[in-house]
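Enquirer: Below is one structure. I have some questions about it.
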Amino acid sequence: MRRKYWAIKFSIIINYCVFAVLLNSVGTVILQVQNSFGISESSASVLEAYKDLSIATVSFLVAAFIARAGYKRTMLFGLGFISLVCLAMPQLPTFWMNKLMFAATGASFALIKVSVFATIGLVTDSRKEHVSMMNFLEAFFMVGVLSGYFVFSSFIDDSNPGSLAWFDVYYVLAAMSILAFTLLLSTTLDESEVVHADENSPVQDFISMISLCIKPLVLTFVISIFLYVLIEQGIMSWLPTFNSKILALPASLSIQMASMLAAAIALGRFIAGFASKKIDWFPMLITSLVLAAGLVLVALPLAKSVDSSVPINSWFDAPLAAFIFPLIGLCLAPIYPVINSVMLSALEKHQQASMTGLIVVFSALGGTTGSIITGSLFEYFGGATAFYCSLIPIVLIILMLALFKRQTDRAIQAA
């Protein structure tokens, strides 16, 4: 990696970590609004929709124009806006404010993610470096998710489940956002390569983004992205509730132990960041998916055998299922960054912002779908059944990746 870009790389990693905490707090907040406001599982699941639909909408509308506005300027706007919303949260501790918070988080993240993914193309020299940087970036994203579980759990009072004191966590998140804003402001990013390459009008840029969807390779790719995020967000958003209601853990411990999923994904992506330099992406991903399916079949029967009458007060008291199931993250970890990188590195640099817009849109739709489906299955059929259903999209992703591999090989041969 080019040393002259270390500052901007560090900056975008920090920006990504801030939004990792905010975005993936949805599982924690889903549990807390049930406790604080008496919200049902299916009603709480709409928080994911507020987050993901705002991501999808903003990405769809502005992704084609972000290169013109400037990647750095766009990221600064997103960080500044979310800082103000975080400061307002503790002043209005209500369920509708949680909805507004996730809508604002989603809109800001759309700007950040499109800018960050496009920036990677400016600060890497080769496809392998691009894949490696993407894996490391997504690994640090999961480190942010991991830290978020502990940040939120430290503000939760198990002795008073209905307490609203947990809203004070947003002061901490506001401080993190302001720090990220200041750090980014102090860095330098040369975007002339993108500006000079794009001679189209704004309308032509938007039409070009839409036209990408009709290409068979891109269509296969976005379906794969949709299915992956459906699995990841369905599990991640409902794992705290699964731990609390199925494994009978206290609320704060349920949230803390759910952090193991984020830790497993982070570790898996760090490993993939190194492994992808030497191993072909396709066999690595297929092996990962088969192992993920195996873990589902091993862990969930253990969850059904848990005795809910036995008190659990610490990690040492937790049942084995609480430790085994989150390891699915280790297997799922490389899928998202690797296929994103394979797709983006196949495009010209000035096209990458538009492609990232499509990635964000379909990721958001997958996240919303996964959370709502899992929440509904959880409410009507139980948590074990809801998580067993993750096997269906796992099988579908394997089929889609086989098609994606065939299409990318053809594209490389034709180039």
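A note on labels: chains of the structure tokens are A, B, ... as shown, every chain counts residues from 1, and ligands are counted from 1 in their shown order.
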With 12 Å as the cut-off and only C-alpha atoms counted, what is the closest atom pair between each nearby residue of stretch 289-405 of chain A and stretch 21-30 of chain A? Distances in Å to one decimal, ordered by chain and number, as a tab-separated table.
Expert:
residue	atom	partner	partner_atom	distance
A:Ala364	CA	A:Leu23	CA	11.1
A:Gly367	CA	A:Asn24	CA	10.8
A:Thr368	CA	A:Val26	CA	11.2
A:Ser371	CA	A:Gly27	CA	9.3
A:Ile372	CA	A:Ile30	CA	11.6
A:Thr374	CA	A:Gly27	CA	11.8
A:Gly375	CA	A:Ile30	CA	10.0
Enquirer: Only C-alpha atoms, please: the residues just picked out, written as a PDB file, in the first residue's frame.
Expert:
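part21.pdb, written as the output of this step:
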ATOM      1  CA  ALA A 364     -29.950  -1.934   2.698  1.00  0.00           C
ATOM      2  CA  GLY A 367     -30.855  -5.822   5.774  1.00  0.00           C
ATOM      3  CA  THR A 368     -34.442  -4.626   6.091  1.00  0.00           C
ATOM      4  CA  SER A 371     -34.612  -8.183  10.037  1.00  0.00           C
ATOM      5  CA  ILE A 372     -38.347  -8.063   9.319  1.00  0.00           C
ATOM      6  CA  THR A 374     -36.469 -12.846  11.229  1.00  0.00           C
ATOM      7  CA  GLY A 375     -38.539 -10.702  13.610  1.00  0.00           C
TER       8      GLY A 375
END
Enquirer: Among the residues of stretch 186-382 of chain A, find those DSSP assigns to helix (DSSP H, G or I) from the backbone and print them as JSON, numbers by chain.
Expert: {"A": [192, 193, 194, 195, 196, 197, 202, 203, 204, 205, 206, 207, 208, 209, 210, 211, 212, 216, 217, 218, 219, 220, 221, 222, 223, 224, 225, 226, 227, 228, 229, 230, 231, 232, 233, 234, 235, 236, 237, 238, 239, 240, 241, 242, 243, 244, 245, 251, 252, 253, 254, 255, 256, 257, 258, 259, 260, 261, 262, 263, 264, 265, 266, 267, 268, 269, 270, 271, 272, 273, 274, 275, 281, 282, 283, 284, 285, 286, 287, 288, 289, 290, 291, 292, 293, 294, 295, 296, 297, 298, 299, 300, 301, 302, 303, 304, 315, 316, 317, 321, 322, 323, 324, 325, 326, 327, 328, 329, 330, 331, 332, 335, 336, 337, 338, 339, 340, 341, 342, 343, 344, 349, 350, 351, 352, 353, 354, 355, 356, 357, 358, 359, 360, 361, 362, 363, 364, 365, 366, 367, 368, 369, 370, 371, 372, 373, 374, 375, 376, 377, 378, 379, 380, 381]}
Enquirer: Near A:Leu137, within 10 Å and counting only C-alpha atoms, which residues show up once chain neighbours fewer than 2 positions away are dropped, as a list in words?
Expert: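 Returned residues: Lys9, Phe10, Ile12, Ile13, Ile14, Tyr16, Cys17, Val116, Phe117, Ile120, Val131, Ser132, Met133, Met134, Asn135, Ala139, Phe140, Phe141, Met142, Val143, Ala266, Arg269, Phe270, Gly273 and Pro337 of chain A.
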Enquirer: How many Å separate atom CA of A:Ile397 from atom CA of A:Met355?
Expert: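 Computing the Euclidean distance for atom CA of A:Ile397 and atom CA of A:Met355 yields 19.9 Å.
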Enquirer: Determine, counting only C-alpha atoms, which protein, DNA and RNA residues have an atom within 9 Å of an atom of A:Leu31; residues of the same chain fewer than 4 positions away are not included. Present the result as a list in words.
Expert: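 Selected residues are Val26, Gly27, Asn35, Ser36, Glu41, Ala44, Trp238, Pro240, Thr241, Ser244, Ala251 and Ile255 of chain A.
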Enquirer: List as a ChimeraX atom specification the protein and nucleic acid residues near stretch 216-231 of chain A, meaning an atom at most 8 Å away when only C-alpha atoms are counted, but skip any in the same chain fewer than 4 places from it.
Expert: /A:212,235,335-336,339,343,358-359,362-371,390,393-394,396-397,400-401,403-404,407-408
Enquirer: Any chance you can output those residues with N, CA and C atoms as a JSON list (two decimals), in the first residue's frame?
Expert:
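Result went into out-v3.json, see below:
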[["chain", "number", "residue", "atom", "x", "y", "z"],
["A", 212, "LEU", "N", -26.43, 0.03, -15.15],
["A", 212, "LEU", "CA", -25.59, -1.06, -14.65],
["A", 212, "LEU", "C", -26.43, -2.26, -14.22],
["A", 235, "ILE", "N", -29.50, -12.17, 11.58],
["A", 235, "ILE", "CA", -28.89, -12.77, 12.77],
["A", 235, "ILE", "C", -28.40, -11.69, 13.74],
["A", 335, "ILE", "N", -17.28, -12.99, 2.80],
["A", 335, "ILE", "CA", -18.16, -12.98, 1.63],
["A", 335, "ILE", "C", -18.42, -11.57, 1.12],
["A", 336, "TYR", "N", -18.90, -10.70, 2.00],
["A", 336, "TYR", "CA", -19.30, -9.35, 1.58],
["A", 336, "TYR", "C", -18.13, -8.53, 1.01],
["A", 339, "ILE", "N", -16.65, -10.19, -2.55],
["A", 339, "ILE", "CA", -17.43, -10.05, -3.79],
["A", 339, "ILE", "C", -17.60, -8.57, -4.16],
["A", 343, "MET", "N", -16.17, -7.11, -7.82],
["A", 343, "MET", "CA", -17.02, -6.33, -8.70],
["A", 343, "MET", "C", -16.45, -4.94, -8.96],
["A", 358, "LEU", "N", -25.28, 1.15, -5.94],
["A", 358, "LEU", "CA", -26.10, -0.05, -6.08],
["A", 358, "LEU", "C", -25.81, -1.06, -4.97],
["A", 359, "ILE", "N", -24.54, -1.16, -4.58],
["A", 359, "ILE", "CA", -24.18, -2.05, -3.46],
["A", 359, "ILE", "C", -24.91, -1.63, -2.20],
["A", 362, "PHE", "N", -28.86, -2.33, -2.44],
["A", 362, "PHE", "CA", -29.26, -3.72, -2.28],
["A", 362, "PHE", "C", -28.83, -4.29, -0.93],
["A", 363, "SER", "N", -27.76, -3.77, -0.35],
["A", 363, "SER", "CA", -27.39, -4.17, 1.01],
["A", 363, "SER", "C", -28.47, -3.72, 1.99],
["A", 364, "ALA", "N", -28.92, -2.48, 1.81],
["A", 364, "ALA", "CA", -29.95, -1.93, 2.70],
["A", 364, "ALA", "C", -31.26, -2.71, 2.58],
["A", 365, "LEU", "N", -31.65, -3.02, 1.35],
["A", 365, "LEU", "CA", -32.88, -3.78, 1.16],
["A", 365, "LEU", "C", -32.76, -5.19, 1.75],
["A", 366, "GLY", "N", -31.59, -5.78, 1.62],
["A", 366, "GLY", "CA", -31.36, -7.09, 2.22],
["A", 366, "GLY", "C", -31.41, -7.04, 3.73],
["A", 367, "GLY", "N", -30.84, -5.97, 4.33],
["A", 367, "GLY", "CA", -30.86, -5.82, 5.77],
["A", 367, "GLY", "C", -32.26, -5.67, 6.32],
["A", 368, "THR", "N", -33.05, -4.82, 5.67],
["A", 368, "THR", "CA", -34.44, -4.63, 6.09],
["A", 368, "THR", "C", -35.24, -5.92, 5.97],
["A", 369, "THR", "N", -35.11, -6.58, 4.83],
["A", 369, "THR", "CA", -35.84, -7.82, 4.61],
["A", 369, "THR", "C", -35.46, -8.88, 5.64],
["A", 370, "GLY", "N", -34.16, -9.00, 5.88],
["A", 370, "GLY", "CA", -33.68, -10.00, 6.84],
["A", 370, "GLY", "C", -34.20, -9.76, 8.24],
["A", 371, "SER", "N", -34.17, -8.50, 8.68],
["A", 371, "SER", "CA", -34.61, -8.18, 10.04],
["A", 371, "SER", "C", -36.11, -8.39, 10.20],
["A", 390, "SER", "N", -32.09, -19.36, 8.13],
["A", 390, "SER", "CA", -30.91, -18.77, 7.48],
["A", 390, "SER", "C", -30.25, -19.76, 6.52],
["A", 393, "PRO", "N", -31.15, -18.89, 2.51],
["A", 393, "PRO", "CA", -30.31, -17.96, 1.74],
["A", 393, "PRO", "C", -28.86, -18.40, 1.63],
["A", 394, "ILE", "N", -28.35, -19.19, 2.59],
["A", 394, "ILE", "CA", -26.98, -19.69, 2.48],
["A", 394, "ILE", "C", -26.85, -20.56, 1.23],
["A", 396, "LEU", "N", -28.80, -20.48, -1.40],
["A", 396, "LEU", "CA", -29.00, -19.63, -2.57],
["A", 396, "LEU", "C", -27.74, -18.84, -2.92],
["A", 397, "ILE", "N", -27.00, -18.39, -1.91],
["A", 397, "ILE", "CA", -25.76, -17.64, -2.18],
["A", 397, "ILE", "C", -24.74, -18.55, -2.86],
["A", 400, "MET", "N", -25.63, -18.62, -6.42],
["A", 400, "MET", "CA", -25.38, -17.34, -7.09],
["A", 400, "MET", "C", -23.89, -17.09, -7.27],
["A", 401, "LEU", "N", -23.07, -17.48, -6.30],
["A", 401, "LEU", "CA", -21.62, -17.28, -6.43],
["A", 401, "LEU", "C", -21.03, -18.15, -7.53],
["A", 403, "LEU", "N", -22.55, -18.88, -10.29],
["A", 403, "LEU", "CA", -22.88, -18.14, -11.51],
["A", 403, "LEU", "C", -22.01, -16.89, -11.63],
["A", 404, "PHE", "N", -21.80, -16.19, -10.52],
["A", 404, "PHE", "CA", -20.97, -14.98, -10.51],
["A", 404, "PHE", "C", -19.54, -15.29, -10.93],
["A", 407, "GLN", "N", -19.42, -15.80, -14.66],
["A", 407, "GLN", "CA", -19.56, -14.53, -15.39],
["A", 407, "GLN", "C", -18.32, -13.67, -15.29],
["A", 408, "THR", "N", -17.69, -13.62, -14.12],
["A", 408, "THR", "CA", -16.47, -12.82, -13.98],
["A", 408, "THR", "C", -15.33, -13.41, -14.80]]
Enquirer: With only C-alpha atoms as the basis for distance, which of A:Leu239, A:Tyr388, A:Gly383, A:Glu129 is at the shortest distance from A:Ala292?
Expert: A:Tyr388
Enquirer: If you measure from atom CA of A:Gly70 to atom CA of A:Gly121, what distance in Å do you get, rounded to one decimal?
Expert: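 Distance reported for this atom pair: 14.2 Å.
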Enquirer: Atom CA of A:Ala322 to atom CA of A:Val172: how many Å, to one decimal?
Expert: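 So the two atoms, atom CA of A:Ala322 and atom CA of A:Val172, lie 28.3 Å apart.
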Enquirer: So, counting only C-alpha atoms, which residue among A:Ala293, A:Ala318, A:Ile112, A:Gly357 is closest to A:Ile392?
Expert: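 Ranked by minimum distance to A:Ile392, first place goes to A:Ala293.
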Enquirer: Give me, as a list in words, all polymer residues having an atom no more than 12 Å from A:Leu320, counting only C-alpha atoms and skipping those fewer than 4 positions away in the same chain.
Expert: Asn243, Leu247, Met257, Val298, Ala299, Leu300, Pro301, Leu302, Ala303, Lys304, Ser305, Val306, Asp307, Trp315, Phe316, Ile324, Phe325, Pro326 and Leu327 of chain A
Enquirer: Got time to write the residues from that selection, N, CA and C atoms, as a compact mmCIF listing (two decimals), in the first residue's frame?
Expert:
# COMPACT_ATOMS: atom_id res chain seq x y z
N ASN A 243 -30.63 -14.29 22.63
CA ASN A 243 -29.92 -14.59 23.87
C ASN A 243 -30.81 -14.35 25.09
N LEU A 247 -32.25 -18.12 25.34
CA LEU A 247 -31.20 -18.64 26.23
C LEU A 247 -31.32 -18.11 27.65
N MET A 257 -22.85 -10.68 24.97
CA MET A 257 -22.51 -11.94 24.33
C MET A 257 -22.82 -11.93 22.83
N VAL A 298 -25.42 -27.34 14.11
CA VAL A 298 -24.84 -27.79 15.38
C VAL A 298 -25.35 -26.97 16.56
N ALA A 299 -25.40 -25.64 16.40
CA ALA A 299 -25.67 -24.75 17.53
C ALA A 299 -27.14 -24.70 17.94
N LEU A 300 -28.06 -24.69 16.99
CA LEU A 300 -29.46 -24.49 17.35
C LEU A 300 -30.08 -25.65 18.13
N PRO A 301 -29.73 -26.91 17.86
CA PRO A 301 -30.23 -27.98 18.74
C PRO A 301 -29.77 -27.80 20.19
N LEU A 302 -28.55 -27.26 20.37
CA LEU A 302 -28.06 -26.99 21.72
C LEU A 302 -28.90 -25.92 22.41
N ALA A 303 -29.35 -24.92 21.64
CA ALA A 303 -30.17 -23.84 22.20
C ALA A 303 -31.51 -24.37 22.70
N LYS A 304 -32.07 -25.35 22.00
CA LYS A 304 -33.37 -25.90 22.39
C LYS A 304 -33.30 -26.66 23.71
N SER A 305 -32.11 -27.13 24.04
CA SER A 305 -31.97 -27.94 25.27
C SER A 305 -31.63 -27.12 26.50
N VAL A 306 -31.57 -25.79 26.37
CA VAL A 306 -31.21 -24.92 27.50
C VAL A 306 -32.33 -24.91 28.54
N ASP A 307 -31.95 -25.03 29.82
CA ASP A 307 -32.91 -24.97 30.93
C ASP A 307 -33.06 -23.52 31.38
N TRP A 315 -20.76 -14.49 32.02
CA TRP A 315 -20.35 -15.27 30.85
C TRP A 315 -20.09 -16.72 31.23
N PHE A 316 -19.58 -16.95 32.44
CA PHE A 316 -19.22 -18.31 32.87
C PHE A 316 -20.45 -19.19 33.07
N ILE A 324 -21.27 -20.95 20.71
CA ILE A 324 -21.07 -21.62 19.42
C ILE A 324 -21.73 -20.88 18.27
N PHE A 325 -22.99 -20.47 18.46
CA PHE A 325 -23.71 -19.88 17.32
C PHE A 325 -23.04 -18.63 16.75
N PRO A 326 -22.51 -17.70 17.57
CA PRO A 326 -21.87 -16.51 17.00
C PRO A 326 -20.66 -16.82 16.12
N LEU A 327 -20.11 -18.04 16.22
CA LEU A 327 -18.95 -18.40 15.37
C LEU A 327 -19.32 -18.44 13.90
Enquirer: Looking at A:Ile66, A:Ser259, A:Leu79, A:Gln91, which one is nearest to A:Val151, with distances taken over only C-alpha atoms?
Expert: A:Ser259
Enquirer: May I ask which of the residues A:Asn340, A:Ser288, A:Ser186, A:Gln256 is the closest one to A:Gly148, counting only C-alpha atoms?
Expert: A:Gln256
Enquirer: Determine the nearest neighbour of A:Gly329 from the options A:Ala346, A:Ile8, A:Ile55, A:Leu261, counting only C-alpha atoms.
Expert: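 With only C-alpha atoms as the atom set, the closest residue is A:Leu261.
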Enquirer: So that I can check the surroundings of stretch 173-180 of chain A, please list as a PyMOL selection string every protein, DNA and RNA residue that reaches within 8 Å of it, counting only C-alpha atoms and ignoring chain neighbours fewer than 5 positions away.
Expert: chain A and resi 11+14-15+18+22+79-80+82-84+86-87
Enquirer: Could you save the residues just selected, with N, CA and C atoms, as an mmCIF file, in the first residue's frame?
Expert:
data_model
loop_
_atom_site.group_PDB
_atom_site.id
_atom_site.type_symbol
_atom_site.label_atom_id
_atom_site.label_comp_id
_atom_site.auth_asym_id
_atom_site.auth_seq_id
_atom_site.Cartn_x
_atom_site.Cartn_y
_atom_site.Cartn_z
ATOM 1 N N SER A 11 -8.154 7.553 8.303
ATOM 2 C CA SER A 11 -9.325 8.397 8.514
ATOM 3 C C SER A 11 -10.608 7.696 8.100
ATOM 4 N N ILE A 14 -11.635 5.055 10.610
ATOM 5 C CA ILE A 14 -12.255 5.624 11.811
ATOM 6 C C ILE A 14 -13.704 6.037 11.511
ATOM 7 N N ASN A 15 -13.924 6.672 10.361
ATOM 8 C CA ASN A 15 -15.284 7.072 9.974
ATOM 9 C C ASN A 15 -16.206 5.854 9.904
ATOM 10 N N VAL A 18 -17.189 4.510 13.381
ATOM 11 C CA VAL A 18 -18.232 5.307 14.047
ATOM 12 C C VAL A 18 -19.614 4.858 13.588
ATOM 13 N N LEU A 22 -23.156 2.960 15.349
ATOM 14 C CA LEU A 22 -24.501 3.514 15.204
ATOM 15 C C LEU A 22 -25.444 2.564 14.478
ATOM 16 N N LEU A 79 -20.837 13.089 8.642
ATOM 17 C CA LEU A 79 -20.387 13.063 10.039
ATOM 18 C C LEU A 79 -20.944 14.231 10.837
ATOM 19 N N GLY A 80 -20.969 15.407 10.234
ATOM 20 C CA GLY A 80 -21.494 16.586 10.927
ATOM 21 C C GLY A 80 -22.976 16.448 11.241
ATOM 22 N N ILE A 82 -24.820 13.639 11.573
ATOM 23 C CA ILE A 82 -25.139 12.618 12.578
ATOM 24 C C ILE A 82 -24.688 13.054 13.966
ATOM 25 N N SER A 83 -23.670 13.892 14.050
ATOM 26 C CA SER A 83 -23.244 14.417 15.358
ATOM 27 C C SER A 83 -24.370 15.215 16.002
ATOM 28 N N LEU A 84 -25.043 16.028 15.214
ATOM 29 C CA LEU A 84 -26.142 16.848 15.735
ATOM 30 C C LEU A 84 -27.329 15.986 16.170
ATOM 31 N N CYS A 86 -27.239 12.840 17.190
ATOM 32 C CA CYS A 86 -26.864 12.129 18.416
ATOM 33 C C CYS A 86 -27.018 13.023 19.649
ATOM 34 N N LEU A 87 -26.661 14.269 19.516
ATOM 35 C CA LEU A 87 -26.787 15.202 20.637
ATOM 36 C C LEU A 87 -28.255 15.430 21.011
#
Enquirer: Go through A:Glu48, A:Asp409, A:Asp125, A:Glu138 and flag the residue nearest A:Ala263, using only C-alpha atoms for the distances.
Expert: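 Among the listed residues, the smallest separation from A:Ala263 belongs to A:Glu138.
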